[in-house]
>>> print(open('coords-v5.pdb').read())   # PDB, C-alpha atoms
ATOM      1  CA  GLN A   8     -18.129  -1.918   9.517
ATOM      2  CA  GLY A   9     -17.772  -2.781  13.187
ATOM      3  CA  LEU A  10     -14.436  -1.008  13.479
ATOM      4  CA  THR A  11     -15.631   2.140  11.727
ATOM      5  CA  SER A  12     -18.998   2.495  13.475
ATOM      6  CA  THR A  13     -19.899   4.441  16.603
ATOM      7  CA  THR A  14     -21.740   3.539  19.799
ATOM      8  CA  SER A  15     -25.071   5.013  20.867
ATOM      9  CA  THR A  16     -23.119   7.726  22.677
ATOM     10  CA  GLY A  17     -21.163   8.661  19.561
ATOM     11  CA  GLU A  18     -17.853   7.057  20.555
ATOM     12  CA  SER A  19     -15.713   5.322  17.951
ATOM     13  CA  VAL A  20     -15.781   1.516  18.342
ATOM     14  CA  GLY A  21     -12.126   1.107  17.362
ATOM     15  CA  LYS A  22     -10.797   4.129  19.234
ATOM     16  CA  ASN A  23      -8.218   2.069  21.179
ATOM     17  CA  LEU A  24      -7.081  -0.085  18.238
ATOM     18  CA  LYS A  25      -3.285   0.067  17.862
ATOM     19  CA  VAL A  26      -2.402  -2.929  15.677
ATOM     20  CA  LEU A  27      -4.198  -4.154  12.560
ATOM     21  CA  LEU A  28      -2.675  -7.552  11.778
ATOM     22  CA  MET A  29      -4.268  -9.220   8.738
ATOM     23  CA  PRO A  30      -1.651 -10.866   6.495
ATOM     24  CA  ARG A  31      -2.795 -13.569   4.057
ATOM     25  CA  ALA A  32      -6.445 -12.924   4.823
ATOM     26  CA  ARG A  33      -7.492 -13.313   1.166
ATOM     27  CA  PHE A  34      -9.700 -10.224   1.266
ATOM     28  CA  GLY A  35      -8.607  -9.006  -2.173
ATOM     29  CA  THR A  36      -9.234  -5.600  -3.711
ATOM     30  CA  ALA A  37     -12.564  -4.948  -2.004
ATOM     31  CA  GLY A  38     -11.111  -5.897   1.371
ATOM     32  CA  MET A  39      -8.114  -3.617   0.911
ATOM     33  CA  LYS A  40     -10.427  -0.723   0.159
ATOM     34  CA  ALA A  41     -12.366  -1.573   3.330
ATOM     35  CA  MET A  42      -9.115  -1.504   5.298
ATOM     36  CA  GLY A  43      -8.728   2.070   4.104
ATOM     37  CA  GLY A  44     -11.961   2.879   5.890
ATOM     38  CA  VAL A  45     -10.678   1.337   9.111
ATOM     39  CA  ILE A  46      -7.386   3.227   8.884
ATOM     40  CA  GLY A  47      -9.106   6.502   8.137
ATOM     41  CA  ALA A  48     -11.554   6.118  11.013
ATOM     42  CA  SER A  49      -8.861   5.377  13.608
ATOM     43  CA  THR A  50      -6.986   7.942  15.663
ATOM     44  CA  SER A  51      -5.009   5.337  17.650
ATOM     45  CA  LEU A  52      -3.828   2.810  15.046
ATOM     46  CA  GLU A  53      -0.021   2.575  14.852
ATOM     47  CA  ASN A  54       0.959  -0.688  13.123
ATOM     48  CA  VAL A  55      -0.776  -1.971   9.983
ATOM     49  CA  ILE A  56       0.251  -5.309   8.456
ATOM     50  CA  LEU A  57      -1.739  -6.285   5.369
ATOM     51  CA  SER A  58       0.923  -8.231   3.495
ATOM     52  CA  SER A  59       0.140 -11.080   1.076
ATOM     53  CA  ASN A  60      -3.371  -9.894   0.286
ATOM     54  CA  ILE A  61      -3.363  -9.678  -3.503
ATOM     55  CA  CYS A  62      -5.227  -6.527  -4.471
ATOM     56  CA  ASP A  63      -3.282  -5.189  -7.472
ATOM     57  CA  ALA A  64      -3.060  -1.456  -8.131
ATOM     58  CA  GLU A  65      -6.834  -1.122  -7.872
ATOM     59  CA  GLY A  66      -6.651  -1.896  -4.174
ATOM     60  CA  MET A  67      -4.688   1.299  -3.562
ATOM     61  CA  GLU A  68      -7.091   3.523  -5.459
ATOM     62  CA  GLY A  69      -9.830   5.540  -3.845
ATOM     63  CA  GLU A  70     -10.772   4.334  -0.362
ATOM     64  CA  PHE A  71      -7.396   2.968   0.743
ATOM     65  CA  CYS A  72      -5.325   6.015  -0.132
ATOM     66  CA  ALA A  73      -8.069   8.323   1.113
ATOM     67  CA  GLY A  74      -8.187   6.518   4.451
ATOM     68  CA  LEU A  75      -4.413   6.553   4.880
ATOM     69  CA  ALA A  76      -4.341  10.255   3.976
ATOM     70  CA  LYS A  77      -6.999  10.975   6.597
ATOM     71  CA  ASN A  78      -5.168   9.023   9.286
ATOM     72  CA  LYS A  79      -2.556  10.783  11.450
ATOM     73  CA  SER A  80      -1.433   7.968  13.764
ATOM     74  CA  VAL A  81      -0.065   5.034  11.721
ATOM     75  CA  LYS A  82       3.678   4.590  12.186
ATOM     76  CA  SER A  83       4.337   1.363  10.281
ATOM     77  CA  LEU A  84       2.671   0.045   7.111
ATOM     78  CA  CYS A  85       3.446  -3.366   5.612
ATOM     79  CA  LEU A  86       2.043  -4.054   2.145
ATOM     80  CA  ALA A  87       4.484  -6.737   1.020
ATOM     81  CA  ALA A  88       3.434  -9.212  -1.677
ATOM     82  CA  CYS A  89       0.150  -7.501  -2.546
ATOM     83  CA  ARG A  90       0.988  -7.310  -6.265
ATOM     84  CA  LEU A  91       0.694  -3.524  -6.234
ATOM     85  CA  GLY A  92       2.875  -2.955  -9.292
ATOM     86  CA  ASN A  93       4.128   0.411 -10.498
ATOM     87  CA  LYS A  94       0.667   1.930 -10.648
ATOM     88  CA  GLY A  95      -0.250   0.903  -7.120
ATOM     89  CA  VAL A  96       2.890   2.508  -5.723
ATOM     90  CA  ALA A  97       2.217   5.612  -7.803
ATOM     91  CA  HIS A  98      -1.183   5.941  -6.088
ATOM     92  CA  LEU A  99       0.517   5.789  -2.688
ATOM     93  CA  CYS A 100       3.335   8.164  -3.605
ATOM     94  CA  ASP A 101       1.096  10.735  -5.279
ATOM     95  CA  GLY A 102      -1.218  10.632  -2.273
ATOM     96  CA  PRO A 103      -0.730   9.734   1.406
ATOM     97  CA  LEU A 104       2.994   8.934   1.430
ATOM     98  CA  LYS A 105       3.873  12.482   0.457
ATOM     99  CA  SER A 106       2.517  14.082   3.595
ATOM    100  CA  HIS A 107       1.583  11.502   6.256
ATOM    101  CA  PRO A 108       2.828  13.053   9.517
ATOM    102  CA  ALA A 109       3.645   9.873  11.458
ATOM    103  CA  LEU A 110       4.394   7.063   8.981
ATOM    104  CA  GLY A 111       8.024   6.160   9.639
ATOM    105  CA  HIS A 112       8.232   2.659   8.132
ATOM    106  CA  VAL A 113       6.864   1.345   4.832
ATOM    107  CA  SER A 114       7.416  -2.157   3.448
ATOM    108  CA  LEU A 115       6.710  -2.755  -0.246
ATOM    109  CA  GLN A 116       8.625  -6.008  -0.669
ATOM    110  CA  TYR A 117       7.781  -8.403  -3.506
ATOM    111  CA  ASN A 118       5.277  -6.196  -5.323
ATOM    112  CA  ARG A 119       6.481  -6.503  -8.932
ATOM    113  CA  LEU A 120       7.953  -3.002  -8.847
ATOM    114  CA  GLU A 121      10.068  -1.727 -11.722
ATOM    115  CA  ALA A 122      11.952   1.478 -12.541
ATOM    116  CA  ALA A 123       8.713   3.471 -12.793
ATOM    117  CA  ALA A 124       7.873   2.655  -9.167
ATOM    118  CA  ALA A 125      11.354   3.706  -8.057
ATOM    119  CA  LYS A 126      10.846   7.044  -9.801
ATOM    120  CA  SER A 127       7.535   7.531  -7.970
ATOM    121  CA  LEU A 128       9.245   6.726  -4.677
ATOM    122  CA  ALA A 129      12.080   9.134  -5.490
ATOM    123  CA  GLN A 130       9.642  11.985  -6.083
ATOM    124  CA  MET A 131       7.870  11.149  -2.841
ATOM    125  CA  LEU A 132      11.116  11.081  -0.856
ATOM    126  CA  ALA A 133      11.964  14.583  -2.025
ATOM    127  CA  VAL A 134       9.023  16.009  -0.055
ATOM    128  CA  ASN A 135       8.266  13.407   2.627
ATOM    129  CA  GLN A 136       9.125  14.525   6.162
ATOM    130  CA  ALA A 137       8.316  11.482   8.324
ATOM    131  CA  LEU A 138       9.562   8.322   6.604
ATOM    132  CA  ARG A 139      12.668   6.802   8.185
ATOM    133  CA  PHE A 140      12.736   3.222   6.811
ATOM    134  CA  LEU A 141      11.774   2.131   3.292
ATOM    135  CA  ASP A 142      11.960  -1.539   2.287
ATOM    136  CA  ILE A 143      11.469  -2.442  -1.384
ATOM    137  CA  SER A 144      13.426  -5.709  -1.393
ATOM    138  CA  GLY A 145      12.432  -8.438  -3.802
ATOM    139  CA  ASN A 146      11.413  -6.284  -6.749
ATOM    140  CA  SER A 147      12.954  -5.436 -10.134
ATOM    141  CA  ILE A 148      13.748  -1.723 -10.195
ATOM    142  CA  GLY A 149      16.971  -2.362 -12.133
ATOM    143  CA  THR A 150      19.826   0.068 -12.685
ATOM    144  CA  GLU A 151      17.517   2.808 -13.965
ATOM    145  CA  GLY A 152      15.348   2.613 -10.872
ATOM    146  CA  ALA A 153      18.383   2.524  -8.586
ATOM    147  CA  LEU A 154      19.821   5.706 -10.073
ATOM    148  CA  ALA A 155      16.450   7.446  -9.720
ATOM    149  CA  LEU A 156      16.100   6.325  -6.114
ATOM    150  CA  VAL A 157      19.573   7.601  -5.220
ATOM    151  CA  GLU A 158      18.572  11.020  -6.585
ATOM    152  CA  GLY A 159      15.474  10.824  -4.408
ATOM    153  CA  LEU A 160      17.633  10.102  -1.378
ATOM    154  CA  LYS A 161      19.792  13.120  -2.141
ATOM    155  CA  ASN A 162      16.701  15.332  -2.337
ATOM    156  CA  ASN A 163      15.411  13.795   0.900
ATOM    157  CA  LYS A 164      18.198  15.615   2.802
ATOM    158  CA  GLY A 165      18.912  12.803   5.252
ATOM    159  CA  ARG A 166      15.456  12.327   6.747
ATOM    160  CA  LEU A 167      15.322   8.675   5.644
ATOM    161  CA  THR A 168      17.916   6.711   7.620
ATOM    162  CA  ARG A 169      17.257   3.076   6.644
ATOM    163  CA  ILE A 170      16.687   1.592   3.199
ATOM    164  CA  ALA A 171      16.533  -1.971   1.870
ATOM    165  CA  VAL A 172      16.929  -2.576  -1.869
ATOM    166  CA  ALA A 173      18.003  -6.234  -1.805
ATOM    167  CA  GLN A 174      17.090  -8.507  -4.735
ATOM    168  CA  ASN A 175      16.293  -5.745  -7.231
ATOM    169  CA  GLU A 176      18.625  -6.503 -10.141
ATOM    170  CA  ILE A 177      20.300  -3.100  -9.823
ATOM    171  CA  GLN A 178      23.611  -4.577 -11.051
ATOM    172  CA  LEU A 179      27.036  -2.952 -10.672
ATOM    173  CA  ALA A 180      26.091   0.583 -11.741
ATOM    174  CA  GLY A 181      23.133   0.698  -9.369
ATOM    175  CA  ALA A 182      25.061  -0.780  -6.450
ATOM    176  CA  LYS A 183      27.912   1.676  -7.037
ATOM    177  CA  ALA A 184      25.508   4.619  -7.017
ATOM    178  CA  PHE A 185      24.092   3.515  -3.666
ATOM    179  CA  CYS A 186      27.546   2.855  -2.203
ATOM    180  CA  ASP A 187      28.839   6.222  -3.381
ATOM    181  CA  PHE A 188      25.847   7.890  -1.746
ATOM    182  CA  PHE A 189      26.348   5.918   1.479
ATOM    183  CA  MET A 190      29.953   7.107   1.692
ATOM    184  CA  SER A 191      29.214  10.727   0.772
ATOM    185  CA  LYS A 192      28.465  13.600   3.113
ATOM    186  CA  ALA A 193      24.893  13.706   1.782
ATOM    187  CA  GLY A 194      24.424  10.051   2.730
ATOM    188  CA  SER A 195      26.096  10.213   6.115
ATOM    189  CA  LYS A 196      22.795   9.911   7.979
ATOM    190  CA  ILE A 197      22.008   6.528   6.437
ATOM    191  CA  GLU A 198      22.310   4.045   9.298
ATOM    192  CA  TYR A 199      21.335   0.895   7.404
ATOM    193  CA  MET A 200      21.469   0.040   3.704
ATOM    194  CA  ASP A 201      20.791  -3.434   2.299
ATOM    195  CA  LEU A 202      22.116  -4.042  -1.236
ATOM    196  CA  ARG A 203      22.430  -7.831  -1.188
ATOM    197  CA  HIS A 204      21.708 -10.141  -4.123
ATOM    198  CA  ASN A 205      21.629  -7.561  -6.891
ATOM    199  CA  ALA A 206      23.373  -9.359  -9.759
ATOM    200  CA  VAL A 207      26.723  -7.632  -9.258
ATOM    201  CA  PRO A 208      29.462  -9.690 -11.005
ATOM    202  CA  TYR A 209      32.420 -10.816  -8.922
ATOM    203  CA  PRO A 210      34.981  -8.416 -10.472
ATOM    204  CA  GLY A 211      32.563  -5.548  -9.838
ATOM    205  CA  MET A 212      32.116  -6.613  -6.225
ATOM    206  CA  VAL A 213      35.883  -6.696  -5.763
ATOM    207  CA  LYS A 214      36.079  -3.122  -7.078
ATOM    208  CA  LEU A 215      33.195  -1.928  -4.883
ATOM    209  CA  ARG A 216      34.717  -3.432  -1.761
ATOM    210  CA  LYS A 217      38.097  -1.901  -2.546
ATOM    211  CA  ASP A 218      36.556   1.541  -3.070
ATOM    212  CA  LEU A 219      34.706   1.186   0.236
ATOM    213  CA  GLY A 220      37.957   0.393   2.029
ATOM    214  CA  ARG A 221      36.664  -3.094   2.844
ATOM    215  CA  PRO A 222      38.563  -5.440   0.492
ATOM    216  CA  MET A 223      37.258  -8.914  -0.282
ATOM    217  CA  ASP A 224      40.267 -10.507   1.425
ATOM    218  CA  GLY A 225      39.581  -8.568   4.615
ATOM    219  CA  PRO A 226      37.973  -9.904   7.794
ATOM    220  CA  GLU A 227      34.423  -8.752   7.012
ATOM    221  CA  GLY A 228      31.784 -10.755   5.197
ATOM    222  CA  TRP A 229      28.678  -9.248   3.587
ATOM    223  CA  MET A 230      27.905  -7.011   6.577
ATOM    224  CA  LEU A 231      30.193  -3.995   6.435
ATOM    225  CA  LEU A 232      30.374  -1.819   9.518
ATOM    226  CA  PHE A 233      31.206   1.876   9.490
ATOM    227  CA  GLY A 234      31.008   2.737  13.160
ATOM    228  CA  GLU A 235      27.359   2.145  14.034
ATOM    229  CA  ARG A 236      26.309   2.275  10.363
ATOM    230  CA  GLN A 237      25.655  -0.939   8.414
ATOM    231  CA  LEU A 238      26.037  -1.628   4.702
ATOM    232  CA  LEU A 239      24.923  -5.084   3.575
ATOM    233  CA  LEU A 240      26.554  -6.001   0.278
ATOM    234  CA  ASN A 241      27.131  -9.156  -1.727
ATOM    235  CA  ARG A 242      26.624 -10.461  -5.254
TER     236      ARG A 242
END
>>> encode(input="coords-v5.pdb", output="structure tokens")
Amino acid sequence: QGLTSTTSTGESVGKNLKVLLMPRARFGTAGMKAMGGVIGASTSLENVILSSNICDAEGMEGEFCAGLAKNKSVKSLCLAACRLGNKGVAHLCDGPLKSHPALGHVSLQYNRLEAAAAKSLAQMLAVNQALRFLDISGNSIGTEGALALVEGLKNNKGRLTRIAVAQNEIQLAGAKAFCDFFMSKAGSKIEYMDLRHNAVPYPGMVKLRKDLGRPMDGPEGWMLLFGERQLLLNR
């Protein structure tokens, strides 16, 4: 309430707030909704880190999404390990992530996301204009989710330049789809792509590296460089 109130002269108390750093604060669903009020009331807030506050999908409903939609200043949002699930990400993608004018970085690591969440993100990417870095590492979108997300990247037209999909069980077919996109003209604006630890069998990795022109017996390890572009890839 203190950060969303006004002084006797009508000035916003939190008008100069730029960073909201509250990871592992144990404020739960009700607290996450309250954070939406803070975000919505601020015109100066740029970095919001609320990771490891378990709120489930309910925490994204109503006040939080409404506050983020109202806000025009936040540039980075970290909601890792909040147990958002597919439904929580759907709330974000159907709401504020579609049209936020300044939000360039979103972290949704370790949120129990599956293929359905990847499909929500793909639909959001098709219309989003501001997002430049999306991190969904540590989830379980699988091959189906990977293929959907690659389609979302194609529809994004190169606005997103950095993506992390490590530890998502996308397997060979999913990793190949991402690599093919990275090497294509449509994916040429991707500067950084992390595909590590995605259950790709060794023979499949050998084939991927060969197709990329970076054979397994070459000098490079899991970080593959293409000029200034980086592709992180291992089993």
>>> resolve_selection(input="coords-v5.pdb", expression="the PyMOL selection byres ((chain A and resi 94) around 10)", output="ChimeraX atom specification")
/A:63-65,67-68,91-93,95-100,120,123-124,127
>>> residues_near_point(input="coords-v5.pdb", point="(24.8, 6.9, -0.3)", cutoff="12 Å", atoms="only C-alpha atoms", output="tab-separated table (two decimals) with C-alpha atoms, keeping the file's coordinate frame")
chain	number	residue	atom	x	y	z
A	153	ALA	CA	18.38	2.52	-8.59
A	154	LEU	CA	19.82	5.71	-10.07
A	156	LEU	CA	16.10	6.32	-6.11
A	157	VAL	CA	19.57	7.60	-5.22
A	158	GLU	CA	18.57	11.02	-6.58
A	159	GLY	CA	15.47	10.82	-4.41
A	160	LEU	CA	17.63	10.10	-1.38
A	161	LYS	CA	19.79	13.12	-2.14
A	162	ASN	CA	16.70	15.33	-2.34
A	163	ASN	CA	15.41	13.80	0.90
A	164	LYS	CA	18.20	15.62	2.80
A	165	GLY	CA	18.91	12.80	5.25
A	167	LEU	CA	15.32	8.68	5.64
A	168	THR	CA	17.92	6.71	7.62
A	169	ARG	CA	17.26	3.08	6.64
A	170	ILE	CA	16.69	1.59	3.20
A	181	GLY	CA	23.13	0.70	-9.37
A	182	ALA	CA	25.06	-0.78	-6.45
A	183	LYS	CA	27.91	1.68	-7.04
A	184	ALA	CA	25.51	4.62	-7.02
A	185	PHE	CA	24.09	3.52	-3.67
A	186	CYS	CA	27.55	2.86	-2.20
A	187	ASP	CA	28.84	6.22	-3.38
A	188	PHE	CA	25.85	7.89	-1.75
A	189	PHE	CA	26.35	5.92	1.48
A	190	MET	CA	29.95	7.11	1.69
A	191	SER	CA	29.21	10.73	0.77
A	192	LYS	CA	28.46	13.60	3.11
A	193	ALA	CA	24.89	13.71	1.78
A	194	GLY	CA	24.42	10.05	2.73
A	195	SER	CA	26.10	10.21	6.12
A	196	LYS	CA	22.80	9.91	7.98
A	197	ILE	CA	22.01	6.53	6.44
A	198	GLU	CA	22.31	4.04	9.30
A	199	TYR	CA	21.34	0.90	7.40
A	200	MET	CA	21.47	0.04	3.70
A	201	ASP	CA	20.79	-3.43	2.30
A	202	LEU	CA	22.12	-4.04	-1.24
A	219	LEU	CA	34.71	1.19	0.24
A	236	ARG	CA	26.31	2.28	10.36
A	237	GLN	CA	25.66	-0.94	8.41
A	238	LEU	CA	26.04	-1.63	4.70
>>> closest_residue(input="coords-v5.pdb", among="A:Ala48, A:Met131, A:Arg90, A:Ile61", to="Ala76 in chain A", atoms="only C-alpha atoms")
A:Ala48
>>> atom_distance(input="coords-v5.pdb", atom1="CA of Pro226 in chain A", atom2="CA of Gln174 in chain A")
24.4 Å
>>> closest_residue(input="coords-v5.pdb", among="A:Leu86, A:Ala137, A:Leu104, A:Leu75", to="Gln116 in chain A", atoms="all atoms listed in the file")
A:Leu86
>>> resolve_selection(input="coords-v5.pdb", expression="the PyMOL selection byres ((chain A and resi 55-58) around 7)", output="list of chain:residue names")
A:Val26, A:Leu27, A:Leu28, A:Met29, A:Pro30, A:Arg31, A:Glu53, A:Asn54, A:Ser59, A:Asn60, A:Ser83, A:Leu84, A:Cys85, A:Leu86, A:Ala87, A:Ala88, A:Cys89
>>> resolve_selection(input="coords-v5.pdb", expression="the PyMOL selection byres ((chain A and resi 138) around 9)", output="list in words")
Lys82, Leu104, His107, Pro108, Ala109, Leu110, Gly111, His112, Val113, Leu132, Asn135, Gln136, Ala137, Arg139, Phe140, Leu141, Arg166, Leu167 and Thr168 of chain A
>>> closest_atom_pairs(input="coords-v5.pdb", of="range 43-122 of chain A", to="range 143-146 of chain A", cutoff="7 Å", atoms="all atoms listed in the file", output="CSV")
residue,atom,partner,partner_atom,distance
A:Ser114,CA,A:Ile143,CA,6.3
A:Leu115,CA,A:Ile143,CA,4.9
A:Gln116,CA,A:Ile143,CA,4.6
A:Tyr117,CA,A:Gly145,CA,4.7
A:Asn118,CA,A:Asn146,CA,6.3
A:Arg119,CA,A:Asn146,CA,5.4
A:Leu120,CA,A:Asn146,CA,5.2
A:Glu121,CA,A:Asn146,CA,6.9
>>> write_last_selection(input="coords-v5.pdb", atoms="C-alpha atoms", output="tab-separated table (two decimals), in the coordinates of the input")
chain	number	residue	atom	x	y	z
A	114	SER	CA	7.42	-2.16	3.45
A	115	LEU	CA	6.71	-2.76	-0.25
A	116	GLN	CA	8.62	-6.01	-0.67
A	117	TYR	CA	7.78	-8.40	-3.51
A	118	ASN	CA	5.28	-6.20	-5.32
A	119	ARG	CA	6.48	-6.50	-8.93
A	120	LEU	CA	7.95	-3.00	-8.85
A	121	GLU	CA	10.07	-1.73	-11.72
>>> residues_near_point(input="coords-v5.pdb", point="(-4.9, 10.1, 0.8)", cutoff="7 Å", atoms="all atoms listed in the file", output="PyMOL selection string")
chain A and resi 72-77+102-103
>>> atom_distance(input="coords-v5.pdb", atom1="CA of Gly152 in chain A", atom2="CA of Pro222 in chain A")
27.1 Å
>>> atom_distance(input="coords-v5.pdb", atom1="CA of Gly228 in chain A", atom2="CA of Val213 in chain A")
12.4 Å
>>> axis_aligned_box(input="coords-v5.pdb", around="range 205-213 of chain A", padding_each_side="4 Å", output="AutoDock Vina command-line options")
--center_x 28.8 --center_y -8.2 --center_z -8.4 --size_x 22.3 --size_y 13.3 --size_z 13.2
>>> residues_around(input="coords-v5.pdb", residues="Asn78 in chain A", least_positions_apart="5", cutoff="7 Å", atoms="all atoms listed in the file", output="list of chain:residue names")
A:Ile46, A:Gly47, A:Ser49, A:Thr50
>>> residues_around(input="coords-v5.pdb", residues="Ala37 in chain A", least_positions_apart="5", cutoff="9 Å", atoms="all atoms listed in the file", output="list in words")
Met42, Cys62 and Gly66 of chain A
